There are 2 protein chains.
Amino acid sequence: MAQSETVDRILDAAELLFAERGFSETSLRQITSKAGVNLAAVNYHFGSKNALIQAVFARFINPFTRILRERLEAGAKADTPLTLEALLGIITTSIIQVPSRTHNGLSIFMRLLGLAYTQSQGHLRKYLEQQYSAEFRLFMRLLREATPDLTPVERFWRIQFMLGATAFTISSTSALSGILEKELGVETPVEQIIQELVPFLSAGIQARSLQGDPLARRVSK
Amino acid sequence: MAQSETVDRILDAAELLFAERGFSETSLRQITSKAGVNLAAVNYHFGSKNALIQAVFARFINPFTRILRERLEAGAKADTPLTLEALLGIITTSIIQVPSRTHNGLSIFMRLLGLAYTQSQGHLRKYLEQQYSAEFRLFMRLLREATPDLTPVERFWRIQFMLGATAFTISSTSALSGILEKELGVETPVEQIIQELVPFLSAGIQARSLQGDPLARRVSK
DNA sequence: ATCCCTGTCAAACGTATGTTTCAAACAACC
DNA sequence: GGTTGTTTGAAACATACGTTTGACAGGGAT
């Protein structure tokens with residue numbers, strides 16, 4: 001009963017600290033002291049630190065995956081295949097629409113996602129892969145249909161470029177926003193960064209590949 | 001005398017292990033035992049673990065920056081401003097031409113760069129920024145001239161996307177190449193991946209931004 | 001030969017980590 | 001009201017970490 005109280009306090013503190021400093025750099029003592037609970041509570045409720053990390057993710061990702069899957073399946077059922085922009089739009093709006101407890105829950109979520117991909121936490125990647133492989137494969141199928149002109153090799157690498165741009169940017173958002181604000185006096189909410197990403201990715205993925213020398217190609221504007 | 005021997009062995013082992021597991025996840029004992037030197041050697045030669053991390057970077061980045069700066073300055077002296085493709089070409093070829101000790105030194109380098117950006121190692125970011133700010137600013141100026149149509153905010157974020165796509169992809173090359181080879185029976189050398197990158201980035205950076213798109217606009221918290 | 005500087009080595013230091021233990025407090029049920 | 005199962009609490013556990021120490025070896029230089 002009072003159980004959920006402690007569990008939630010731990011999850012709240014953990015997700016904040018993880019996003020701030022990374023996984024290895026955050027100790028259970030920092031988490032429990034910020035949460036105002038006993039140190040042993042983590043191991044009692046979650047079993048281990050790794051399990052806590054996965055639980056933090058599950059709380060974020062499960063709602064997102066549910067929303068995303070619905071939309072992807074709706075898109076897959078349509079008569080005409082989705083355009084690339086529509087496909088990317090589905091993902092971004094799904095992310096944005098995940099209900100978040102805190103006011104900047106989204107940026108924390110994205111930062112965690114970036115960390116997960118970047119930081120070589122074997123257990124986390126394995127967990128995410130086997131947990132959400134169905135959605136990932138569906139997305140890949142739709143992407144294939146949306147970019148019929150690409151060769152498989154081109155498509156493979158451009159997916160990596162896309163993932164890289166996204167994960168990398170988002171995972172360093174907090175630091176970057178600070179720089180941008182200092183230099184340009186502007187502040188960019190995560191929602192807008194995601195919006196900025198779509199045209200970039202869309203154009204990049206559909207770019208004409210250069211065969212021959214790179215300098216001869218002209219850009220259409 | 002035999003000094004350089006030990007220092008190099010440490011740097012070699014450290015750069016490999018850092019790239020493999022990350023900075024916090026790699027202990028000095030792992031490094032020194034892989035290098036076959038005494039544990040105390042790190043603190044003797046470098047002073048601290050953080051200083052070792054910075055030294056690993058310096059060994060990679062210094063030659064690259066030298067090559068890059070020469071070419072950028074040459075490009076800046078020309079009468080007509082560089083095209084975006086030419087600018088990106090300068091960077092990619094500079095990266096490729098960095099002499100590397102090992103056969104996949106390039107992918108290690110990029111992986112480290114990605115980690116530096118992502119892992120919130122304050123000292124490292126500070127070190128890199130103040131060490132190579134001149135080259136970075138020059139590049140930014142040339143990029144600004146190459147993309148006069150972008151707003152500053154757009155340009156800022158697209159640079160991040162570009163960095164992300166590059167660092168992320170190249171850094172996980174070894175793993176990704178394996179996947180690609182298994183699934184498509186093709187093998188892609190790093191140099192070709194970089195070639196694949198140029199059109200992607202070029203098109204992405206110059207993409208028309210979607211503004212006034214009411215689709216996913218949202219009230220800020 | 002003596003001194004000194006440099007580099008190596010094994011051992012220890014102090015601290016922080018994740019995890020376990022076990023008694024006490026609590027709530028729920030018969 | 002006593003019993004049971006669940007949750008907290010303070011303390012200890014074992015281990016791993018980065019760093020420091022002091023002894024020792026090898027050459028050059030004086």
# chains A, B, ... in the order shown; residues from 1 in each chain; ligands from 1
>>> residues_around(residues="range 1-13 of chain C", least_positions_apart="6", cutoff="12 Å", atoms="only C-alpha atoms (C1' of nucleotides)", output="VMD selection string")
(chain B and resid 1 to 7 37 to 42 44 to 45) or (chain D and resid 17 to 30)
>>> calpha_fit_rmsd(fixed="chain B", moving="chain A")
4.5 Å
>>> atom_distance(atom1="CA of Phe60 in chain B", atom2="CA of Phe23 in chain A")
26.8 Å
>>> residues_around(residues="Glu15 in chain B", least_positions_apart="5", cutoff="8 Å", atoms="only C-alpha atoms (C1' of nucleotides)", output="list in words")
Val56, Ile108 and Leu112 of chain B
>>> residues_around(residues="range 157-166 of chain A", least_positions_apart="5", cutoff="8 Å", atoms="only C-alpha atoms (C1' of nucleotides)", output="JSON, numbers by chain")
{"A": [114, 197, 201, 204, 205], "B": [160, 161, 162, 163, 164, 165, 166, 167, 168, 169, 193, 196, 197, 200]}
>>> write_last_selection(atoms="N, CA and C atoms", output="compact mmCIF listing (two decimals), in the first residue's frame")
# COMPACT_ATOMS: atom_id res chain seq x y z
N GLY A 114 18.93 8.51 -25.31
CA GLY A 114 20.24 8.71 -25.92
C GLY A 114 21.34 8.02 -25.14
N LEU A 197 14.31 18.31 -36.29
CA LEU A 197 14.93 17.08 -36.78
C LEU A 197 14.25 16.54 -38.04
N LEU A 201 16.20 15.01 -41.25
CA LEU A 201 16.27 13.56 -41.49
C LEU A 201 15.60 13.20 -42.80
N GLY A 204 17.75 14.17 -45.64
CA GLY A 204 18.97 13.37 -45.67
C GLY A 204 18.72 11.96 -46.16
N ILE A 205 17.64 11.37 -45.68
CA ILE A 205 17.37 9.99 -46.06
C ILE A 205 17.05 9.87 -47.55
N GLN B 160 24.45 20.05 -34.85
CA GLN B 160 24.39 18.96 -33.87
C GLN B 160 23.93 17.66 -34.51
N PHE B 161 22.93 17.77 -35.37
CA PHE B 161 22.46 16.57 -36.05
C PHE B 161 23.60 15.95 -36.85
N MET B 162 24.34 16.81 -37.52
CA MET B 162 25.44 16.34 -38.33
C MET B 162 26.48 15.64 -37.48
N LEU B 163 26.89 16.30 -36.42
CA LEU B 163 27.85 15.68 -35.51
C LEU B 163 27.35 14.33 -35.02
N GLY B 164 26.09 14.30 -34.65
CA GLY B 164 25.53 13.08 -34.11
C GLY B 164 25.55 11.96 -35.12
N ALA B 165 25.07 12.23 -36.30
CA ALA B 165 25.05 11.19 -37.31
C ALA B 165 26.45 10.67 -37.55
N THR B 166 27.40 11.57 -37.62
CA THR B 166 28.76 11.16 -37.92
C THR B 166 29.37 10.37 -36.77
N ALA B 167 29.42 10.99 -35.62
CA ALA B 167 30.10 10.36 -34.50
C ALA B 167 29.47 9.02 -34.15
N PHE B 168 28.16 9.03 -34.08
CA PHE B 168 27.46 7.82 -33.69
C PHE B 168 27.72 6.69 -34.68
N THR B 169 27.55 6.99 -35.95
CA THR B 169 27.68 5.93 -36.94
C THR B 169 29.08 5.36 -36.97
N ILE B 193 31.68 4.52 -45.82
CA ILE B 193 30.61 5.02 -44.96
C ILE B 193 30.64 6.54 -44.95
N GLU B 196 29.14 7.81 -47.94
CA GLU B 196 27.68 7.73 -47.87
C GLU B 196 27.12 8.88 -47.03
N LEU B 197 27.93 9.31 -46.09
CA LEU B 197 27.46 10.35 -45.18
C LEU B 197 27.28 11.70 -45.87
N PHE B 200 23.94 12.59 -47.44
CA PHE B 200 22.93 12.62 -46.37
C PHE B 200 23.00 13.93 -45.59
>>> atom_distance(atom1="CA of Thr92 in chain B", atom2="CA of Ile194 in chain B")
6.8 Å
>>> closest_atom_pairs(of="chain C", to="chain A", cutoff="10 Å", atoms="only C-alpha atoms (C1' of nucleotides)", output="CSV")
residue,atom,partner,partner_atom,distance
C:DA16,C1',A:Ser27,CA,9.1
C:DT17,C1',A:Ser27,CA,7.4
C:DG18,C1',A:Lys49,CA,7.6
C:DT19,C1',A:Asn43,CA,7.5
C:DT20,C1',A:Ala40,CA,9.0
C:DA27,C1',A:Met1,CA,8.9
>>> write_last_selection(atoms="all heavy atoms", output="tab-separated table (two decimals), in the first residue's frame")
chain	number	residue	atom	x	y	z
C	16	DA	P	34.01	9.32	0.03
C	16	DA	OP1	33.97	10.68	-0.51
C	16	DA	OP2	33.52	9.02	1.40
C	16	DA	O5'	33.22	8.37	-0.98
C	16	DA	C5'	33.68	8.25	-2.32
C	16	DA	C4'	33.12	6.98	-2.92
C	16	DA	O4'	33.78	5.85	-2.34
C	16	DA	C3'	31.62	6.79	-2.65
C	16	DA	O3'	30.92	6.81	-3.88
C	16	DA	C2'	31.51	5.44	-1.95
C	16	DA	C1'	32.86	4.79	-2.22
C	16	DA	N9	33.32	3.94	-1.11
C	16	DA	C8	33.50	4.29	0.19
C	16	DA	N7	33.93	3.32	0.95
C	16	DA	C5	34.03	2.24	0.09
C	16	DA	C6	34.42	0.90	0.28
C	16	DA	N6	34.80	0.41	1.46
C	16	DA	N1	34.40	0.10	-0.81
C	16	DA	C2	34.02	0.60	-1.97
C	16	DA	N3	33.63	1.83	-2.28
C	16	DA	C4	33.66	2.61	-1.19
C	17	DT	P	29.34	6.65	-3.89
C	17	DT	OP1	28.87	7.51	-4.98
C	17	DT	OP2	28.79	6.78	-2.52
C	17	DT	O5'	29.17	5.14	-4.36
C	17	DT	C5'	29.81	4.70	-5.55
C	17	DT	C4'	29.89	3.19	-5.59
C	17	DT	O4'	30.68	2.74	-4.46
C	17	DT	C3'	28.56	2.51	-5.36
C	17	DT	O3'	27.89	2.35	-6.59
C	17	DT	C2'	28.97	1.15	-4.78
C	17	DT	C1'	30.35	1.40	-4.20
C	17	DT	N1	30.44	1.20	-2.73
C	17	DT	C2	30.70	-0.06	-2.24
C	17	DT	O2	30.83	-1.02	-2.96
C	17	DT	N3	30.77	-0.13	-0.87
C	17	DT	C4	30.63	0.90	0.04
C	17	DT	O4	30.72	0.72	1.24
C	17	DT	C5	30.36	2.19	-0.54
C	17	DT	C7	30.19	3.39	0.35
C	17	DT	C6	30.28	2.27	-1.87
C	18	DG	P	26.29	2.13	-6.52
C	18	DG	OP1	25.79	2.49	-7.86
C	18	DG	OP2	25.77	2.82	-5.32
C	18	DG	O5'	26.12	0.57	-6.31
C	18	DG	C5'	26.68	-0.32	-7.27
C	18	DG	C4'	26.54	-1.76	-6.80
C	18	DG	O4'	27.23	-1.92	-5.55
C	18	DG	C3'	25.10	-2.21	-6.56
C	18	DG	O3'	24.93	-3.56	-6.99
C	18	DG	C2'	24.94	-2.08	-5.04
C	18	DG	C1'	26.35	-2.38	-4.55
C	18	DG	N9	26.68	-1.69	-3.30
C	18	DG	C8	26.54	-0.36	-3.03
C	18	DG	N7	26.91	-0.02	-1.83
C	18	DG	C5	27.33	-1.21	-1.26
C	18	DG	C6	27.84	-1.47	0.04
C	18	DG	O6	28.04	-0.68	0.97
C	18	DG	N1	28.15	-2.82	0.20
C	18	DG	C2	27.97	-3.78	-0.76
C	18	DG	N2	28.32	-5.02	-0.42
C	18	DG	N3	27.50	-3.55	-1.97
C	18	DG	C4	27.20	-2.25	-2.15
C	19	DT	P	23.52	-4.28	-6.84
C	19	DT	OP1	23.42	-5.33	-7.87
C	19	DT	OP2	22.46	-3.27	-6.72
C	19	DT	O5'	23.68	-5.01	-5.43
C	19	DT	C5'	24.79	-5.88	-5.24
C	19	DT	C4'	24.80	-6.43	-3.82
C	19	DT	O4'	25.13	-5.36	-2.90
C	19	DT	C3'	23.45	-7.00	-3.34
C	19	DT	O3'	23.61	-8.39	-3.09
C	19	DT	C2'	23.12	-6.20	-2.08
C	19	DT	C1'	24.48	-5.63	-1.68
C	19	DT	N1	24.42	-4.37	-0.90
C	19	DT	C2	24.90	-4.34	0.39
C	19	DT	O2	25.38	-5.31	0.93
C	19	DT	N3	24.81	-3.12	1.01
C	19	DT	C4	24.29	-1.95	0.50
C	19	DT	O4	24.25	-0.92	1.16
C	19	DT	C5	23.78	-2.03	-0.84
C	19	DT	C7	23.18	-0.83	-1.51
C	19	DT	C6	23.88	-3.22	-1.48
C	20	DT	P	22.36	-9.26	-2.60
C	20	DT	OP1	22.52	-10.63	-3.12
C	20	DT	OP2	21.13	-8.50	-2.83
C	20	DT	O5'	22.62	-9.31	-1.02
C	20	DT	C5'	23.91	-9.65	-0.53
C	20	DT	C4'	23.92	-9.66	0.99
C	20	DT	O4'	23.93	-8.31	1.50
C	20	DT	C3'	22.71	-10.37	1.63
C	20	DT	O3'	23.21	-11.39	2.49
C	20	DT	C2'	21.98	-9.26	2.39
C	20	DT	C1'	23.07	-8.22	2.60
C	20	DT	N1	22.59	-6.79	2.63
C	20	DT	C2	22.86	-6.00	3.73
C	20	DT	O2	23.45	-6.40	4.70
C	20	DT	N3	22.39	-4.71	3.62
C	20	DT	C4	21.71	-4.15	2.56
C	20	DT	O4	21.33	-2.98	2.58
C	20	DT	C5	21.46	-5.03	1.45
C	20	DT	C7	20.72	-4.54	0.25
C	20	DT	C6	21.91	-6.30	1.53
C	27	DA	P	0.34	1.54	9.73
C	27	DA	OP1	0.12	2.82	9.03
C	27	DA	OP2	-0.09	1.38	11.14
C	27	DA	O5'	-0.32	0.37	8.88
C	27	DA	C5'	0.25	0.02	7.62
C	27	DA	C4'	-0.36	-1.29	7.11
C	27	DA	O4'	0.23	-2.40	7.83
C	27	DA	C3'	-1.87	-1.38	7.29
C	27	DA	O3'	-2.46	-1.76	6.05
C	27	DA	C2'	-2.07	-2.45	8.36
C	27	DA	C1'	-0.80	-3.28	8.28
C	27	DA	N9	-0.34	-3.80	9.56
C	27	DA	C8	-0.21	-3.13	10.74
C	27	DA	N7	0.24	-3.86	11.73
C	27	DA	C5	0.42	-5.10	11.17
C	27	DA	C6	0.87	-6.32	11.69
C	27	DA	N6	1.25	-6.48	12.97
C	27	DA	N1	0.94	-7.39	10.87
C	27	DA	C2	0.56	-7.23	9.59
C	27	DA	N3	0.12	-6.13	8.98
C	27	DA	C4	0.07	-5.09	9.83
>>> interface_residues(of="chain D", to="chain A", cutoff="12 Å", atoms="only C-alpha atoms (C1' of nucleotides)", output="PyMOL selection string")
chain D and resi 6-11
>>> residues_around(residues="range 139-151 of chain A", least_positions_apart="3", cutoff="6 Å", atoms="only C-alpha atoms (C1' of nucleotides)", output="ChimeraX atom specification")
/A:82-84,136,154-155
>>> atom_distance(atom1="CA of Ile91 in chain A", atom2="CA of Ala55 in chain A")
22.4 Å
>>> select_by_dssp(residues="range 103-173 of chain B", states="alpha helix (DSSP H)", output="PyMOL selection string")
chain B and resi 105-118+122-131+133-146+152-171+173
>>> closest_residue(among="B:Ala58, B:Leu72, B:Ile96, B:Leu17", to="chain A", atoms="only C-alpha atoms")
B:Leu17
>>> closest_residue(among="B:Leu68, B:Ala19, B:Leu128, B:Ile53", to="chain A", atoms="only C-alpha atoms")
B:Ala19
>>> closest_residue(among="B:Thr80, B:Gln30, B:Asn62, B:Gln54", to="Ala116 in chain B", atoms="only C-alpha atoms")
B:Gln54
>>> decode(residues="range 42-55 of chain A", atoms="N, CA and C atoms", output="short mmCIF file (atom, residue, chain, number, x, y, z; two decimals), in the first residue's frame")
data_model
loop_
_atom_site.label_atom_id
_atom_site.label_comp_id
_atom_site.auth_asym_id
_atom_site.auth_seq_id
_atom_site.Cartn_x
_atom_site.Cartn_y
_atom_site.Cartn_z
N VAL A 42 16.06 0.16 -2.44
CA VAL A 42 16.25 -0.13 -3.86
C VAL A 42 16.39 -1.63 -4.09
N ASN A 43 17.26 -2.24 -3.32
CA ASN A 43 17.46 -3.66 -3.52
C ASN A 43 16.24 -4.47 -3.09
N TYR A 44 15.50 -3.93 -2.13
CA TYR A 44 14.30 -4.65 -1.71
C TYR A 44 13.24 -4.61 -2.81
N HIS A 45 13.01 -3.43 -3.37
CA HIS A 45 11.90 -3.29 -4.31
C HIS A 45 12.28 -3.70 -5.73
N PHE A 46 13.53 -3.49 -6.10
CA PHE A 46 13.90 -3.74 -7.48
C PHE A 46 14.87 -4.90 -7.65
N GLY A 47 15.60 -5.22 -6.61
CA GLY A 47 16.51 -6.36 -6.70
C GLY A 47 17.95 -5.97 -6.92
N SER A 48 18.16 -5.04 -7.83
CA SER A 48 19.53 -4.61 -8.10
C SER A 48 19.51 -3.26 -8.79
N LYS A 49 20.67 -2.68 -8.94
CA LYS A 49 20.74 -1.37 -9.60
C LYS A 49 20.37 -1.50 -11.07
N ASN A 50 20.85 -2.54 -11.73
CA ASN A 50 20.50 -2.74 -13.13
C ASN A 50 18.99 -2.86 -13.30
N ALA A 51 18.36 -3.59 -12.42
CA ALA A 51 16.91 -3.74 -12.53
C ALA A 51 16.22 -2.39 -12.33
N LEU A 52 16.79 -1.56 -11.47
CA LEU A 52 16.22 -0.23 -11.29
C LEU A 52 16.32 0.58 -12.58
N ILE A 53 17.46 0.50 -13.22
CA ILE A 53 17.65 1.22 -14.50
C ILE A 53 16.58 0.78 -15.49
N GLN A 54 16.38 -0.52 -15.59
CA GLN A 54 15.38 -1.02 -16.53
C GLN A 54 13.97 -0.56 -16.14
N ALA A 55 13.72 -0.51 -14.83
CA ALA A 55 12.40 -0.07 -14.39
C ALA A 55 12.16 1.39 -14.73
#
